[in-house]
Amino acid sequence: MVHVTFPLVPFFLEGIVRMIVFNDIGWTTFRSSTLAMSMGILCLFVNQSLFGYKRIICSKDETGNMVGLVHAFSWLAIFCFAFFGMVVFSSALMEELGSGKIAYIKHTLDIIILIGSLLPISLSLVAQRTFKLRAVL
């Protein structure tokens, strides 16, 4: 569970601070940019743990599954960091220009990141259980 909980600490910490300060829970309480960055870090942690995974007797299927997961987590990390950049860029444009169209695009990105974050979390849990990974921090 360390693979999942440790990278999500900044996301939850930011949300808790915003709840305390604003006494409200809404779309602005949790930032999708922080979630995207946390998901990218999660993917990198699992990827590094899979690289360091060593088993005495390893079947070809297990090796193939591990290599596939390494590539999947690498691509997921790239996508997460790209989404982080898009959200930060759209937030900056929205503050500068104040356009409603940019707000709609940012809201759509927020939803995509929120729903899409389930994939890295579930894949990391599967990888952690399948290969009995230990956290290497």
# chains A, B, ... in the order shown; residues from 1 in each chain; ligands from 1
call {"tool": "residues_around", "arguments": {"residues": "Ile102 in chain A", "least_positions_apart": "2", "cutoff": "12 Å", "atoms": "only C-alpha atoms", "output": "JSON, numbers by chain"}}
result
{"A": [86, 87, 88, 89, 90, 91, 92, 93, 94, 95, 96, 97, 98, 99, 100, 104, 105, 106, 107, 108, 109]}
call {"tool": "write_last_selection", "arguments": {"atoms": "C-alpha atoms", "output": "compact mmCIF listing (two decimals), in the first residue's frame"}}
result
# COMPACT_ATOMS: atom_id res chain seq x y z
CA MET A 86 -2.01 21.06 -19.64
CA VAL A 87 -3.93 21.80 -16.43
CA VAL A 88 -1.34 24.28 -15.19
CA PHE A 89 -1.24 25.97 -18.60
CA SER A 90 -5.04 26.18 -18.82
CA SER A 91 -5.22 27.52 -15.25
CA ALA A 92 -2.68 30.21 -16.10
CA LEU A 93 -4.58 31.15 -19.26
CA MET A 94 -7.85 31.22 -17.36
CA GLU A 95 -6.40 33.60 -14.77
CA GLU A 96 -4.84 35.82 -17.41
CA LEU A 97 -7.63 35.91 -19.98
CA GLY A 98 -10.69 35.02 -17.89
CA SER A 99 -12.27 33.16 -20.81
CA GLY A 100 -15.22 30.85 -20.24
CA TYR A 104 -14.73 24.59 -19.80
CA ILE A 105 -11.55 22.97 -21.14
CA LYS A 106 -9.97 22.99 -17.67
CA HIS A 107 -13.12 21.49 -16.14
CA THR A 108 -13.04 18.73 -18.76
CA LEU A 109 -9.38 18.06 -17.98
call {"tool": "residues_around", "arguments": {"residues": "range 30-36 of chain A", "least_positions_apart": "2", "cutoff": "6 Å", "atoms": "only C-alpha atoms", "output": "ChimeraX atom specification"}}
result
/A:11,15,28,38-39,80,84,87,110
call {"tool": "write_last_selection", "arguments": {"atoms": "N, CA and C atoms", "output": "tab-separated table (two decimals), in the first residue's frame"}}
result
chain	number	residue	atom	x	y	z
A	11	PHE	N	-1.59	15.40	-2.56
A	11	PHE	CA	-2.95	15.63	-3.02
A	11	PHE	C	-3.91	15.76	-1.84
A	15	GLY	N	-5.78	19.15	-0.14
A	15	GLY	CA	-7.23	19.16	0.05
A	15	GLY	C	-7.63	19.43	1.49
A	28	THR	N	-13.03	22.98	-6.18
A	28	THR	CA	-11.78	23.71	-5.98
A	28	THR	C	-11.00	23.22	-4.76
A	38	SER	N	0.75	13.63	-8.63
A	38	SER	CA	0.82	12.49	-7.70
A	38	SER	C	0.71	11.17	-8.45
A	39	MET	N	-0.14	11.11	-9.46
A	39	MET	CA	-0.27	9.89	-10.26
A	39	MET	C	1.01	9.61	-11.04
A	80	CYS	N	0.53	11.37	-17.35
A	80	CYS	CA	0.20	12.13	-16.14
A	80	CYS	C	0.94	13.45	-16.09
A	84	PHE	N	-0.60	17.18	-16.27
A	84	PHE	CA	-0.23	18.20	-15.29
A	84	PHE	C	0.12	19.51	-16.00
A	87	VAL	N	-3.07	21.18	-17.45
A	87	VAL	CA	-3.93	21.80	-16.43
A	87	VAL	C	-3.30	23.08	-15.91
A	110	ASP	N	-10.08	18.35	-15.66
A	110	ASP	CA	-10.24	17.94	-14.26
A	110	ASP	C	-10.97	16.61	-14.16
call {"tool": "residues_around", "arguments": {"residues": "Pro120 in chain A", "least_positions_apart": "5", "cutoff": "9 Å", "atoms": "only C-alpha atoms", "output": "PyMOL selection string"}}
result
chain A and resi 39-40+42-43+73+76-77+125
call {"tool": "atom_distance", "arguments": {"atom1": "CA of Ser122 in chain A", "atom2": "CA of Ile25 in chain A"}}
result
25.1 Å
call {"tool": "closest_residue", "arguments": {"among": "A:Ile16, A:Ala127, A:Leu133, A:Ile113", "to": "Asn65 in chain A", "atoms": "only C-alpha atoms"}}
result
A:Ala127
call {"tool": "atom_distance", "arguments": {"atom1": "CA of Ile41 in chain A", "atom2": "CA of Val4 in chain A"}}
result
9.8 Å
call {"tool": "closest_residue", "arguments": {"among": "A:Ile20, A:Leu118, A:Val46, A:Ala72", "to": "Phe6 in chain A", "atoms": "only C-alpha atoms"}}
result
A:Val46
call {"tool": "closest_residue", "arguments": {"among": "A:Lys101, A:Phe12, A:Ser117, A:Gln128", "to": "Leu69 in chain A", "atoms": "only C-alpha atoms"}}
result
A:Gln128
call {"tool": "closest_residue", "arguments": {"among": "A:Met37, A:Ile115, A:Leu50, A:Ala103", "to": "Phe83 in chain A", "atoms": "only C-alpha atoms"}}
result
A:Met37
call {"tool": "closest_residue", "arguments": {"among": "A:Arg18, A:Ser49, A:Pro7, A:Phe79", "to": "Ile121 in chain A", "atoms": "only C-alpha atoms"}}
result
A:Pro7
call {"tool": "select_by_dssp", "arguments": {"residues": "range 8-55 of chain A", "states": "alpha helix (DSSP H)", "output": "PyMOL selection string"}}
result
chain A and resi 8-22+32-51
call {"tool": "residues_around", "arguments": {"residues": "Phe51 in chain A", "least_positions_apart": "3", "cutoff": "10 Å", "atoms": "only C-alpha atoms", "output": "PyMOL selection string"}}
result
chain A and resi 45-48+54+66-67+70
call {"tool": "write_last_selection", "arguments": {"atoms": "C-alpha atoms", "output": "PDB file, in the first residue's frame"}}
result
ATOM      1  CA  PHE A  45       7.627   4.555  -7.934  1.00  0.00           C
ATOM      2  CA  VAL A  46       5.997   1.365  -9.182  1.00  0.00           C
ATOM      3  CA  ASN A  47       8.132   1.440 -12.324  1.00  0.00           C
ATOM      4  CA  GLN A  48      11.341   1.648 -10.265  1.00  0.00           C
ATOM      5  CA  LYS A  54      14.380  -9.955  -8.713  1.00  0.00           C
ATOM      6  CA  MET A  66       6.614  -7.521 -15.665  1.00  0.00           C
ATOM      7  CA  VAL A  67       8.060  -5.955 -18.833  1.00  0.00           C
ATOM      8  CA  VAL A  70       7.091  -1.483 -16.768  1.00  0.00           C
TER       9      VAL A  70
END
call {"tool": "atom_distance", "arguments": {"atom1": "CA of Leu44 in chain A", "atom2": "CA of Ile111 in chain A"}}
result
22.5 Å
